[in-house]
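Enquirer: Next up, work_31.txt (compact mmCIF, C-alpha atoms).
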# COMPACT_ATOMS: atom_id res chain seq x y z
CA MET A 1 3.03 -59.21 33.77
CA GLN A 2 4.26 -59.16 30.22
CA LYS A 3 0.80 -58.06 29.02
CA ASN A 4 0.64 -55.37 31.68
CA PHE A 5 3.97 -54.00 30.49
CA THR A 6 2.74 -53.89 26.88
CA THR A 7 -0.44 -52.09 27.92
CA ARG A 8 1.54 -49.56 29.85
CA THR A 9 3.92 -49.05 26.97
CA VAL A 10 1.07 -48.50 24.54
CA THR A 11 -0.63 -46.13 26.99
CA ALA A 12 2.59 -44.18 27.38
CA ILE A 13 3.08 -43.91 23.62
CA VAL A 14 -0.53 -42.83 23.08
CA CYS A 15 -0.23 -40.21 25.81
CA GLY A 16 3.03 -39.03 24.28
CA VAL A 17 1.47 -38.65 20.86
CA ILE A 18 -1.52 -36.77 22.25
CA ALA A 19 0.74 -34.51 24.32
CA THR A 20 2.91 -33.80 21.27
CA ALA A 21 -0.14 -33.01 19.15
CA GLY A 22 -1.47 -30.77 21.92
CA PHE A 23 1.89 -29.02 22.15
CA ALA A 24 1.97 -28.52 18.41
CA ALA A 25 -1.54 -27.07 18.47
CA SER A 26 -0.75 -24.61 21.24
CA HIS A 27 2.76 -23.62 20.16
CA GLY A 28 3.78 -24.59 16.68
CA GLY A 29 6.86 -23.17 14.97
CA GLY A 30 5.85 -25.68 12.46
CA GLU A 31 2.61 -26.82 10.93
CA ASN A 32 -0.58 -26.17 12.75
CA LYS A 33 -3.98 -27.62 11.96
CA SER A 34 -5.82 -24.48 13.01
CA VAL A 35 -3.94 -22.55 10.31
CA GLU A 36 -5.02 -25.14 7.73
CA ALA A 37 -8.60 -24.92 8.97
CA ARG A 38 -8.52 -21.11 8.69
CA HIS A 39 -7.28 -21.38 5.14
CA ALA A 40 -10.07 -23.85 4.35
CA MET A 41 -12.59 -21.41 5.78
CA MET A 42 -11.15 -18.55 3.72
CA GLN A 43 -11.30 -20.75 0.63
CA MET A 44 -14.97 -21.37 1.30
CA ILE A 45 -15.57 -17.63 1.56
CA ALA A 46 -13.57 -17.00 -1.64
CA TYR A 47 -15.47 -19.76 -3.48
CA HIS A 48 -18.83 -18.23 -2.63
CA THR A 49 -17.62 -14.70 -3.28
CA GLY A 50 -16.51 -15.99 -6.68
CA ILE A 51 -20.08 -17.07 -7.47
CA LEU A 52 -21.43 -13.63 -6.55
CA GLY A 53 -18.54 -11.86 -8.32
CA GLY A 54 -18.94 -13.98 -11.44
CA ILE A 55 -22.61 -13.02 -11.63
CA ALA A 56 -21.82 -9.35 -10.92
CA LYS A 57 -19.20 -9.29 -13.69
CA GLY A 58 -21.52 -11.03 -16.15
CA GLU A 59 -19.25 -14.08 -16.43
CA MET A 60 -22.00 -16.29 -14.96
CA ASP A 61 -25.76 -16.19 -15.54
CA TYR A 62 -27.87 -14.74 -12.75
CA ASP A 63 -29.52 -17.45 -10.64
CA SER A 64 -31.46 -16.35 -7.57
CA ALA A 65 -31.05 -19.67 -5.73
CA MET A 66 -27.27 -19.58 -6.20
CA VAL A 67 -27.07 -15.93 -5.12
CA ASP A 68 -29.07 -16.57 -1.94
CA ALA A 69 -27.17 -19.75 -1.07
CA ALA A 70 -23.76 -18.16 -1.68
CA ALA A 71 -24.67 -15.10 0.37
CA MET A 72 -26.07 -17.17 3.24
CA ASN A 73 -23.07 -19.47 3.29
CA ILE A 74 -20.69 -16.50 3.52
CA ALA A 75 -22.79 -15.07 6.36
CA SER A 76 -22.65 -18.43 8.18
CA LEU A 77 -18.90 -18.71 7.68
CA ALA A 78 -18.44 -15.17 9.00
CA ALA A 79 -20.51 -16.06 12.08
CA MET A 80 -18.46 -19.14 13.02
CA ASP A 81 -17.09 -19.28 16.55
CA ARG A 82 -13.47 -18.24 16.16
CA ALA A 83 -12.24 -19.84 19.39
CA THR A 84 -11.16 -23.05 17.65
CA LEU A 85 -9.56 -21.26 14.71
CA TRP A 86 -7.48 -18.28 15.80
CA ILE A 87 -5.50 -20.04 18.52
CA GLU A 88 -2.88 -17.92 20.29
CA GLY A 89 0.67 -18.47 19.11
CA THR A 90 -0.29 -19.13 15.48
CA GLU A 91 0.61 -15.71 14.06
CA GLN A 92 2.80 -15.14 11.01
CA GLY A 93 6.34 -16.26 11.78
CA ALA A 94 5.25 -18.54 14.64
CA ALA A 95 3.23 -21.08 12.64
CA ALA A 96 3.98 -22.36 9.15
CA ASP A 97 2.01 -20.67 6.32
CA SER A 98 0.26 -18.32 8.74
CA ARG A 99 -0.23 -14.69 7.71
CA ALA A 100 -2.24 -13.82 10.82
CA LYS A 101 -1.08 -10.57 12.41
CA PRO A 102 -0.66 -10.27 16.22
CA GLU A 103 -3.40 -7.60 16.14
CA ILE A 104 -5.93 -10.45 15.94
CA TRP A 105 -5.10 -11.28 19.55
CA SER A 106 -4.29 -7.78 20.80
CA ASP A 107 -7.54 -6.35 19.37
CA PRO A 108 -10.14 -9.15 19.52
CA GLU A 109 -13.06 -6.67 19.53
CA GLY A 110 -11.89 -5.06 16.30
CA PHE A 111 -11.30 -8.48 14.74
CA GLY A 112 -14.80 -9.62 15.75
CA ALA A 113 -16.31 -6.40 14.40
CA ALA A 114 -14.58 -7.02 11.05
CA PHE A 115 -16.28 -10.43 10.79
CA GLU A 116 -19.61 -8.88 11.74
CA LYS A 117 -19.15 -6.43 8.89
CA LEU A 118 -18.70 -9.36 6.52
CA GLU A 119 -21.76 -11.12 7.92
CA THR A 120 -23.85 -7.97 7.43
CA ALA A 121 -22.59 -7.40 3.89
CA ALA A 122 -23.25 -11.04 2.93
CA SER A 123 -26.72 -11.10 4.50
CA ALA A 124 -27.61 -7.96 2.56
CA LEU A 125 -26.97 -9.86 -0.69
CA VAL A 126 -29.67 -12.43 0.08
CA GLY A 127 -32.56 -11.62 -2.25
CA ALA A 128 -30.49 -9.52 -4.68
CA SER A 129 -32.87 -9.64 -7.63
CA ASP A 130 -30.55 -9.24 -10.63
CA ALA A 131 -26.87 -9.07 -11.60
CA ALA A 132 -26.79 -5.29 -11.06
CA ALA A 133 -28.11 -5.70 -7.50
CA VAL A 134 -25.45 -8.34 -6.85
CA GLY A 135 -22.82 -5.95 -8.23
CA ALA A 136 -24.04 -3.19 -5.93
CA GLY A 137 -23.79 -5.48 -2.90
CA MET A 138 -20.30 -6.65 -3.90
CA GLY A 139 -18.93 -3.23 -2.95
CA ASP A 140 -19.63 -3.78 0.75
CA LEU A 141 -18.64 -7.44 0.59
CA GLY A 142 -15.28 -6.69 -1.02
CA GLY A 143 -14.91 -3.76 1.35
CA ALA A 144 -15.35 -6.07 4.35
CA CYS A 145 -12.68 -8.47 3.03
CA LYS A 146 -10.34 -5.58 2.32
CA ALA A 147 -10.81 -3.81 5.65
CA CYS A 148 -10.07 -6.96 7.64
CA HIS A 149 -7.10 -7.99 5.50
CA GLU A 150 -5.68 -4.49 5.72
CA THR A 151 -5.41 -4.65 9.50
CA TYR A 152 -5.19 -8.33 10.41
CA ARG A 153 -3.38 -10.15 7.57
CA GLY A 154 0.36 -9.90 7.01
CA PRO A 155 2.16 -9.78 3.62
CA GLU A 156 2.65 -12.86 1.46
CA ASN A 157 5.35 -15.18 2.77
CA MET B 1 57.16 22.32 0.77
CA LEU B 2 54.85 21.35 3.65
CA ARG B 3 53.30 24.80 3.49
CA ARG B 4 52.53 24.39 -0.19
CA PHE B 5 51.06 20.99 0.49
CA LEU B 6 48.80 22.39 3.20
CA ILE B 7 47.67 25.21 0.90
CA ALA B 8 46.84 22.66 -1.80
CA ILE B 9 44.83 20.58 0.67
CA CYS B 10 42.93 23.65 1.84
CA LEU B 11 42.26 24.72 -1.74
CA LEU B 12 40.97 21.27 -2.63
CA ALA B 13 38.77 21.27 0.45
CA VAL B 14 37.35 24.67 -0.50
CA ILE B 15 36.76 23.50 -4.08
CA GLY B 16 35.19 20.29 -2.76
CA LEU B 17 32.89 22.23 -0.46
CA GLY B 18 32.02 24.56 -3.33
CA VAL B 19 31.14 21.63 -5.60
CA PHE B 20 29.11 20.03 -2.78
CA TRP B 21 27.35 23.35 -2.21
CA VAL B 22 26.49 23.77 -5.88
CA LEU B 23 25.45 20.13 -6.37
CA THR B 24 23.29 20.07 -3.27
CA ARG B 25 21.62 23.43 -3.89
CA PRO B 26 17.82 23.06 -3.73
CA ALA B 27 16.60 23.53 -7.27
CA PRO B 28 14.60 26.68 -7.98
CA LEU B 29 11.31 26.54 -9.85
CA ASP B 30 9.69 29.04 -12.19
CA ALA B 31 7.67 31.52 -10.08
CA ASP B 32 5.14 31.77 -12.91
CA PHE B 33 4.24 28.09 -12.41
CA ALA B 34 1.20 26.96 -14.45
CA GLY B 35 0.65 30.61 -15.38
CA GLY B 36 -2.69 31.37 -17.04
CA HIS B 37 -4.27 28.08 -15.93
CA VAL B 38 -7.63 28.28 -14.17
CA ALA B 39 -7.45 25.65 -11.41
CA ASP B 40 -10.02 22.84 -11.55
CA ALA B 41 -10.53 21.41 -8.05
CA GLU B 42 -12.59 18.52 -9.42
CA ASN B 43 -9.65 17.30 -11.48
CA GLY B 44 -7.55 18.02 -8.39
CA ALA B 45 -9.59 15.44 -6.48
CA ARG B 46 -8.79 12.88 -9.16
CA ILE B 47 -5.07 13.73 -8.96
CA PHE B 48 -5.29 13.51 -5.16
CA HIS B 49 -6.71 9.96 -5.32
CA ALA B 50 -4.40 8.83 -8.10
CA GLY B 51 -1.41 10.27 -6.22
CA GLY B 52 -2.40 8.40 -3.05
CA CYS B 53 -1.84 11.43 -0.77
CA ALA B 54 -4.28 10.24 1.91
CA SER B 55 -2.65 6.82 2.31
CA CYS B 56 0.35 8.41 4.01
CA HIS B 57 -0.92 11.78 5.26
CA ALA B 58 -4.21 10.80 6.95
CA ALA B 59 -3.81 10.18 10.69
CA PRO B 60 -2.83 6.53 11.39
CA GLY B 61 -5.86 4.31 11.96
CA SER B 62 -8.30 7.11 11.18
CA ASP B 63 -11.25 6.46 8.89
CA ASP B 64 -11.27 10.14 7.96
CA LYS B 65 -9.05 10.06 4.88
CA LEU B 66 -9.54 13.72 3.98
CA THR B 67 -8.13 15.29 7.15
CA LEU B 68 -4.42 15.17 6.37
CA ALA B 69 -3.13 15.45 9.93
CA GLY B 70 -0.03 13.31 9.29
CA GLY B 71 1.71 11.20 11.93
CA GLU B 72 2.08 7.87 10.11
CA GLY B 73 5.58 6.43 10.59
CA PHE B 74 7.70 4.81 7.86
CA ALA B 75 10.62 2.68 9.01
CA SER B 76 13.59 2.45 6.63
CA ASP B 77 17.29 1.58 6.68
CA PHE B 78 18.00 5.27 7.30
CA GLY B 79 15.60 5.89 10.19
CA THR B 80 11.89 6.40 10.75
CA PHE B 81 10.15 9.12 8.77
CA HIS B 82 6.83 10.63 9.81
CA ALA B 83 4.34 11.97 7.29
CA PRO B 84 3.71 15.63 8.13
CA ASN B 85 0.44 17.52 8.47
CA ILE B 86 -0.45 18.81 4.98
CA SER B 87 -3.93 20.11 5.77
CA PRO B 88 -4.65 23.69 4.65
CA GLY B 89 -4.02 25.27 8.08
CA PRO B 90 -1.13 26.81 10.07
CA GLU B 91 0.32 23.38 10.97
CA GLY B 92 0.14 22.23 7.35
CA ILE B 93 0.27 24.00 4.01
CA GLY B 94 -1.86 27.00 5.02
CA GLY B 95 -0.35 30.17 3.58
CA TRP B 96 1.70 28.38 0.93
CA ASP B 97 1.59 29.73 -2.63
CA LEU B 98 1.35 27.58 -5.75
CA PRO B 99 5.03 27.86 -6.79
CA GLY B 100 6.08 26.89 -3.26
CA PHE B 101 3.69 23.93 -3.28
CA ALA B 102 4.84 22.87 -6.74
CA ARG B 103 8.50 23.04 -5.72
CA ALA B 104 7.71 20.91 -2.66
CA VAL B 105 5.74 18.27 -4.57
CA THR B 106 7.76 18.01 -7.77
CA ARG B 107 11.29 18.87 -6.54
CA GLY B 108 11.18 17.87 -2.86
CA VAL B 109 12.14 21.33 -1.56
CA SER B 110 10.30 23.04 1.30
CA PRO B 111 9.17 26.68 1.01
CA ASP B 112 12.07 27.65 3.31
CA GLY B 113 14.50 25.99 0.90
CA ARG B 114 15.35 22.69 2.59
CA HIS B 115 15.42 19.26 0.94
CA TYR B 116 12.70 16.79 1.85
CA TYR B 117 13.58 13.15 2.43
CA PRO B 118 12.58 10.97 -0.51
CA ALA B 119 10.12 9.04 1.67
CA PHE B 120 7.94 11.71 0.07
CA PRO B 121 7.75 10.37 -3.53
CA TYR B 122 8.74 13.55 -5.38
CA THR B 123 10.88 11.35 -7.64
CA THR B 124 7.47 10.26 -8.97
CA TYR B 125 5.69 13.61 -8.81
CA ILE B 126 8.48 15.33 -10.81
CA HIS B 127 6.69 13.86 -13.85
CA MET B 128 3.41 15.65 -13.07
CA GLU B 129 1.89 18.15 -15.49
CA ASP B 130 2.02 21.72 -14.12
CA THR B 131 -1.74 22.10 -14.52
CA ASP B 132 -2.39 18.93 -12.48
CA VAL B 133 -0.19 20.28 -9.67
CA ALA B 134 -2.23 23.51 -9.74
CA ASP B 135 -5.51 21.56 -9.69
CA LEU B 136 -4.29 19.40 -6.78
CA PHE B 137 -3.30 22.52 -4.85
CA ALA B 138 -6.77 24.01 -5.42
CA TYR B 139 -8.47 20.78 -4.26
CA MET B 140 -6.35 20.55 -1.11
CA GLN B 141 -7.52 24.02 -0.05
CA THR B 142 -11.04 22.57 0.22
CA LEU B 143 -10.05 19.87 2.77
CA PRO B 144 -10.51 20.14 6.56
CA VAL B 145 -7.83 21.80 8.70
CA SER B 146 -6.03 19.78 11.39
CA ASP B 147 -4.21 21.44 14.29
CA THR B 148 -2.00 18.39 14.95
CA PRO B 149 1.69 19.45 14.78
CA SER B 150 3.93 17.42 12.47
CA LYS B 151 6.21 14.89 14.18
CA PRO B 152 9.98 15.22 13.66
CA HIS B 153 11.70 12.43 11.71
CA GLU B 154 13.87 10.01 13.69
CA VAL B 155 16.96 9.99 11.51
CA GLY B 156 20.58 9.73 12.72
CA PHE B 157 23.88 11.14 11.42
CA PRO B 158 24.81 11.55 8.56
CA PHE B 159 21.31 11.29 7.10
CA ASN B 160 20.07 14.11 9.33
CA ILE B 161 22.14 16.58 7.26
CA ARG B 162 19.49 17.46 4.71
CA ARG B 163 21.89 19.32 2.44
CA GLY B 164 23.39 15.92 1.58
CA LEU B 165 20.06 14.94 0.02
CA GLY B 166 21.05 17.23 -2.85
CA LEU B 167 23.62 14.60 -3.87
CA TRP B 168 20.97 11.88 -3.63
CA LYS B 169 18.81 13.96 -5.95
CA VAL B 170 21.64 14.31 -8.46
CA LEU B 171 21.68 10.50 -8.60
CA TYR B 172 17.99 9.67 -8.44
CA LEU B 173 15.72 12.63 -9.21
CA ASP B 174 15.16 11.88 -12.88
CA GLU B 175 12.67 13.71 -15.09
CA SER B 176 12.59 10.99 -17.74
CA PHE B 177 9.93 8.28 -17.78
CA VAL B 178 10.99 4.66 -17.30
CA MET B 179 8.79 3.28 -20.08
CA THR B 180 9.80 4.75 -23.42
CA GLY B 181 9.26 4.04 -27.11
CA GLU B 182 6.06 3.63 -29.12
CA MET B 183 2.95 3.08 -27.03
CA SER B 184 -0.81 3.42 -27.37
CA GLU B 185 -2.71 6.40 -25.99
CA GLN B 186 -4.11 4.17 -23.24
CA VAL B 187 -0.66 2.94 -22.19
CA THR B 188 0.60 6.55 -22.20
CA GLN B 189 -2.27 7.47 -19.87
CA GLY B 190 -1.41 4.47 -17.67
CA ARG B 191 2.25 5.48 -17.63
CA TYR B 192 1.28 8.90 -16.32
CA LEU B 193 -0.96 7.38 -13.63
CA VAL B 194 1.73 4.89 -12.52
CA GLU B 195 4.98 6.81 -13.05
CA ALA B 196 3.82 10.39 -12.28
CA LEU B 197 1.08 9.85 -9.68
CA GLY B 198 0.47 6.35 -8.26
CA HIS B 199 4.11 5.82 -7.21
CA CYS B 200 3.58 2.04 -7.44
CA ALA B 201 7.33 1.66 -7.89
CA GLU B 202 8.07 3.01 -4.42
CA CYS B 203 7.09 -0.38 -3.01
CA HIS B 204 7.13 -2.70 -6.05
CA THR B 205 10.64 -1.84 -7.30
CA PRO B 206 13.82 -2.92 -5.48
CA ARG B 207 16.17 -0.23 -4.14
CA GLY B 208 19.93 0.19 -4.45
CA PRO B 209 22.39 0.78 -1.59
CA PHE B 210 21.48 4.50 -1.22
CA GLY B 211 17.76 3.89 -1.30
CA GLY B 212 17.25 4.85 -4.95
CA LEU B 213 14.93 2.81 -7.15
CA GLN B 214 16.55 0.32 -9.52
CA ARG B 215 14.93 1.48 -12.74
CA ASP B 216 16.26 -1.56 -14.61
CA ALA B 217 14.21 -3.80 -12.30
CA TRP B 218 11.07 -1.65 -12.57
CA LEU B 219 8.04 -3.09 -10.71
CA THR B 220 9.65 -6.53 -10.42
CA GLY B 221 8.96 -6.79 -6.69
CA ALA B 222 10.99 -6.03 -3.58
CA PRO B 223 11.46 -7.11 0.02
CA ASN B 224 8.73 -5.82 2.33
CA PRO B 225 10.17 -3.05 4.55
CA SER B 226 8.26 -4.60 7.49
CA GLY B 227 10.75 -7.48 7.25
CA LYS B 228 8.00 -10.04 6.62
CA GLY B 229 7.21 -11.35 3.17
CA ARG B 230 7.80 -9.76 -0.24
CA ILE B 231 6.01 -7.12 -2.28
CA PRO B 232 5.06 -8.88 -5.50
CA ASN B 233 6.40 -8.57 -9.03
CA ILE B 234 3.61 -6.87 -11.04
CA THR B 235 5.21 -7.13 -14.48
CA PRO B 236 3.70 -9.73 -16.86
CA ALA B 237 6.52 -12.09 -15.80
CA GLY B 238 5.22 -12.07 -12.23
CA LEU B 239 1.50 -11.43 -12.66
CA ASP B 240 -0.49 -13.42 -15.21
CA TRP B 241 -3.82 -11.64 -14.62
CA SER B 242 -5.70 -10.21 -17.59
CA ALA B 243 -6.02 -6.43 -17.95
CA ASP B 244 -9.67 -6.74 -16.87
CA ASP B 245 -8.63 -8.72 -13.78
CA ILE B 246 -6.17 -5.97 -12.80
CA ALA B 247 -8.75 -3.22 -13.34
CA TYR B 248 -11.37 -5.13 -11.30
CA TYR B 249 -8.84 -5.71 -8.51
CA LEU B 250 -8.10 -1.97 -8.35
CA GLU B 251 -11.84 -1.28 -8.19
CA SER B 252 -13.06 -4.00 -5.80
CA GLY B 253 -9.95 -5.26 -4.03
CA LEU B 254 -10.74 -8.79 -5.20
CA THR B 255 -8.23 -10.99 -7.04
CA PRO B 256 -9.24 -13.33 -9.90
CA ASP B 257 -9.39 -16.13 -7.28
CA PHE B 258 -11.59 -13.92 -5.10
CA ASP B 259 -8.94 -13.57 -2.48
CA SER B 260 -8.82 -9.96 -1.33
CA VAL B 261 -6.31 -7.16 -1.15
CA GLY B 262 -4.67 -6.62 2.23
CA GLY B 263 -1.96 -4.71 4.07
CA THR B 264 -0.91 -1.32 2.76
CA MET B 265 -2.26 -2.18 -0.70
CA ALA B 266 -5.79 -1.97 0.75
CA SER B 267 -5.53 1.81 1.02
CA VAL B 268 -4.16 1.95 -2.53
CA VAL B 269 -7.34 0.20 -3.70
CA ASP B 270 -9.39 2.65 -1.60
CA ASN B 271 -7.83 5.42 -3.70
CA MET B 272 -7.94 3.65 -7.06
CA SER B 273 -11.61 2.71 -6.61
CA GLN B 274 -12.43 6.43 -6.65
CA LEU B 275 -10.89 7.01 -10.09
CA PRO B 276 -12.86 6.89 -13.35
CA GLU B 277 -13.03 3.38 -14.84
CA GLY B 278 -10.85 4.48 -17.77
CA ASP B 279 -7.98 5.33 -15.41
CA ARG B 280 -7.99 1.84 -13.88
CA ALA B 281 -8.11 0.29 -17.34
CA ALA B 282 -5.15 2.48 -18.39
CA ILE B 283 -3.09 1.37 -15.38
CA ALA B 284 -3.88 -2.25 -16.26
CA ALA B 285 -2.84 -1.66 -19.91
CA TYR B 286 0.44 -0.07 -18.74
CA LEU B 287 1.24 -3.02 -16.46
CA LYS B 288 0.51 -5.47 -19.28
CA ALA B 289 2.86 -3.45 -21.55
CA LEU B 290 5.82 -3.73 -19.16
CA PRO B 291 8.76 -5.87 -20.30
Rewrite the coordinates I just gave you, this time as structure tokens.

Expert:
Amino acid sequence: MQKNFTTRTVTAIVCGVIATAGFAASHGGGENKSVEARHAMMQMIAYHTGILGGIAKGEMDYDSAMVDAAAMNIASLAAMDRATLWIEGTEQGAAADSRAKPEIWSDPEGFGAAFEKLETAASALVGASDAAAVGAGMGDLGGACKACHETYRGPEN
Amino acid sequence: MLRRFLIAICLLAVIGLGVFWVLTRPAPLDADFAGGHVADAENGARIFHAGGCASCHAAPGSDDKLTLAGGEGFASDFGTFHAPNISPGPEGIGGWDLPGFARAVTRGVSPDGRHYYPAFPYTTYIHMEDTDVADLFAYMQTLPVSDTPSKPHEVGFPFNIRRGLGLWKVLYLDESFVMTGEMSEQVTQGRYLVEALGHCAECHTPRGPFGGLQRDAWLTGAPNPSGKGRIPNITPAGLDWSADDIAYYLESGLTPDFDSVGGTMASVVDNMSQLPEGDRAAIAAYLKALP
């Protein structure tokens, strides 16, 4: 009987924790793991863009393997399924650190098209044969970042 | 006694009205504006991009940045202003002459003699060279015509009395540059691009109680009018990027950390990326020379 009570108590606590975590994920007013994951994804894109930009600016030596890998990784990141990342209710003001604008959810087609533009621009950089070719491709890549951030990212907090 | 008092009050009121009338009179401009100058539309295009005309006057959400149909709204503490149609047709600036255009752009006075609201950054454009105004006017004649009528501003009393803007101009329409003293040729060029054309300060400088820019806090950042976040300090105290970093950002929209430009600054980069490289380098040199 005593054991049964303990089991039930533990079960109740575990359920409570899971429910709380689920609530936090769907609502938030506070921290939200999907926002952290989005930032990690953006950091990955920025890191790889930095490799391409460094080569374009002449700050890093041209290396075809690095160019192809960076470009392909950006394309893969842009093609990720967004369902787990841009969860409703995690816009700027509703979730800590978020700068996501409500337009992401009111205009999902436009938001998806913006990521496709990034995927296309990144894929086009695969095979860029010298620093000048990387530089030429950076225009569309930077343009894709800019176009999306113009419409779907809010100002710094 | 009472009669004398009433006469004095009336006299003072008349004098007060007279002073108000004189102070708020829309300033005239020399009819022989930029006389003898042969307009260069190609330089006009450069002035157009540096001045950021399309960012406000293109239709909201449109990718066509050269059809200046207007319609974009700007919320402020005084009401919501709408950028007008300034395409070269009947709904825009079709039929205007150069002195009328110059008075509008550099003094904020319409051809029919009314003050414009300073949402239009004529406090910046007052610093423009006459020949650049003439070149800009020539370039704008080459742009497509839009038939979209301009939207009226949504501004309540007392700000809807435009004559009162004359007083605002007495306080804030200042022909002098903010940066003064010895400076290199490049910084001088950057000062012109920032203080006479780019109107960076309109967003990056805090405003006083009547909406005028606080020149003593030049480009030190300000609250975002959207109510969310802040517009950053771009003086060396707030921005530690190198001059090359700043120039590359204005060209590509990418920060030194390879984050990207966003929000309303994205359209500023769209404009700046169309300038000659030397102009972006000059803007960067100016920003690095700020106190």

Enquirer: Would you list which chain B residues are within 12 Å of chain A using all atoms listed in the file, as a PyMOL selection string?

Expert: chain B and resi 60-61+63+221-233+244-245+248-270+273

Enquirer: Extract, using all atoms listed in the file, all DNA, RNA and protein residues at most 9 Å from Glu175 in chain B, discarding same-chain residues fewer than 5 positions from it, and format them as a list in words.

Expert: Thr123, Thr124, Ile126 and His127 of chain B

Enquirer: I'd like the interatomic distance between CA of Ile234 in chain B and CA of Pro276 in chain B, to a tenth of an Å.

Expert: 21.6 Å

Enquirer: Kindly provide, as a ChimeraX atom specification, the polymer residues lying within 12 Å of (19.3, -1.0, -2.4), counting all atoms listed in the file and using the coordinates exactly as they appear in the file.

Expert: /B:76-78,205-215,217,222-223,225

Enquirer: Grab the CA of Ala289 in chain B to CA of Met272 in chain B distance for me, in Å with one decimal place.

Expert: 19.4 Å

Enquirer: Which residues are close to Glu116 in chain A, i.e. within 12 Å by all atoms listed in the file, leaving aside same-chain residues fewer than 2 positions away? Reply as a PDB file with C-alpha atoms, in the frame of the given file.

Expert:
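Result went into selection11.pdb, see below:
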ATOM      1  CA  ILE A  74     -20.690 -16.500   3.520  1.00  0.00           C
ATOM      2  CA  ALA A  75     -22.790 -15.070   6.360  1.00  0.00           C
ATOM      3  CA  SER A  76     -22.650 -18.430   8.180  1.00  0.00           C
ATOM      4  CA  LEU A  77     -18.900 -18.710   7.680  1.00  0.00           C
ATOM      5  CA  ALA A  78     -18.440 -15.170   9.000  1.00  0.00           C
ATOM      6  CA  ALA A  79     -20.510 -16.060  12.080  1.00  0.00           C
ATOM      7  CA  MET A  80     -18.460 -19.140  13.020  1.00  0.00           C
ATOM      8  CA  ASP A  81     -17.090 -19.280  16.550  1.00  0.00           C
ATOM      9  CA  GLU A 109     -13.060  -6.670  19.530  1.00  0.00           C
ATOM     10  CA  GLY A 110     -11.890  -5.060  16.300  1.00  0.00           C
ATOM     11  CA  PHE A 111     -11.300  -8.480  14.740  1.00  0.00           C
ATOM     12  CA  GLY A 112     -14.800  -9.620  15.750  1.00  0.00           C
ATOM     13  CA  ALA A 113     -16.310  -6.400  14.400  1.00  0.00           C
ATOM     14  CA  ALA A 114     -14.580  -7.020  11.050  1.00  0.00           C
ATOM     15  CA  LEU A 118     -18.700  -9.360   6.520  1.00  0.00           C
ATOM     16  CA  GLU A 119     -21.760 -11.120   7.920  1.00  0.00           C
ATOM     17  CA  THR A 120     -23.850  -7.970   7.430  1.00  0.00           C
ATOM     18  CA  ALA A 121     -22.590  -7.400   3.890  1.00  0.00           C
ATOM     19  CA  ALA A 122     -23.250 -11.040   2.930  1.00  0.00           C
ATOM     20  CA  SER A 123     -26.720 -11.100   4.500  1.00  0.00           C
ATOM     21  CA  LEU A 141     -18.640  -7.440   0.590  1.00  0.00           C
ATOM     22  CA  ALA A 144     -15.350  -6.070   4.350  1.00  0.00           C
ATOM     23  CA  CYS A 145     -12.680  -8.470   3.030  1.00  0.00           C
ATOM     24  CA  ALA A 147     -10.810  -3.810   5.650  1.00  0.00           C
ATOM     25  CA  CYS A 148     -10.070  -6.960   7.640  1.00  0.00           C
TER      26      CYS A 148
END

Enquirer: Could you work out how far CA of Thr235 in chain B lies from CA of Lys288 in chain B, giving the answer in Å with one decimal?

Expert: 6.9 Å

Enquirer: Neighbouring residues of range 94-101 of chain B were defined as those with any atom within 10 Å, considering all atoms listed in the file; residues of the same chain fewer than 2 positions away were excluded. Please report them as an MDAnalysis selection string.

Expert: chainID B and resid 28:34 86:92 103:113 133:138 140:141 145

Enquirer: Residues near range 283-287 of chain B, anyone? I mean within 12 Å using all atoms listed in the file, not counting same-chain ones fewer than 4 positions away, as a PyMOL selection string.

Expert: chain B and resi 50+178-180+183-201+204+218-220+233-251+272+275-279+291

Enquirer: Excluding same-chain residues fewer than 3 positions from Val35 in chain A, what lies within 9 Å of it counting only C-alpha atoms, as JSON, numbers by chain?

Expert: {"A": [31, 32, 38, 39, 40, 85, 86, 87, 90, 95, 96, 97, 98, 100]}

Enquirer: Could you model N, CA and C atoms for range 141-147 of chain B and present them as a compact mmCIF listing (two decimals), in the coordinates of the input?

Expert:
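File written: out-v5.txt
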# COMPACT_ATOMS: atom_id res chain seq x y z
N GLN B 141 -7.01 22.88 -0.83
CA GLN B 141 -7.52 24.02 -0.05
C GLN B 141 -8.92 23.76 0.47
N THR B 142 -9.65 22.83 -0.17
CA THR B 142 -11.04 22.57 0.22
C THR B 142 -11.15 21.54 1.35
N LEU B 143 -10.02 20.94 1.76
CA LEU B 143 -10.05 19.87 2.77
C LEU B 143 -10.05 20.44 4.18
N PRO B 144 -10.47 19.64 5.18
CA PRO B 144 -10.51 20.14 6.56
C PRO B 144 -9.13 20.46 7.12
N VAL B 145 -9.08 21.41 8.04
CA VAL B 145 -7.83 21.80 8.70
C VAL B 145 -7.62 20.92 9.93
N SER B 146 -6.39 20.49 10.15
CA SER B 146 -6.03 19.78 11.39
C SER B 146 -5.00 20.60 12.14
N ASP B 147 -5.16 20.66 13.48
CA ASP B 147 -4.21 21.44 14.29
C ASP B 147 -3.08 20.58 14.84
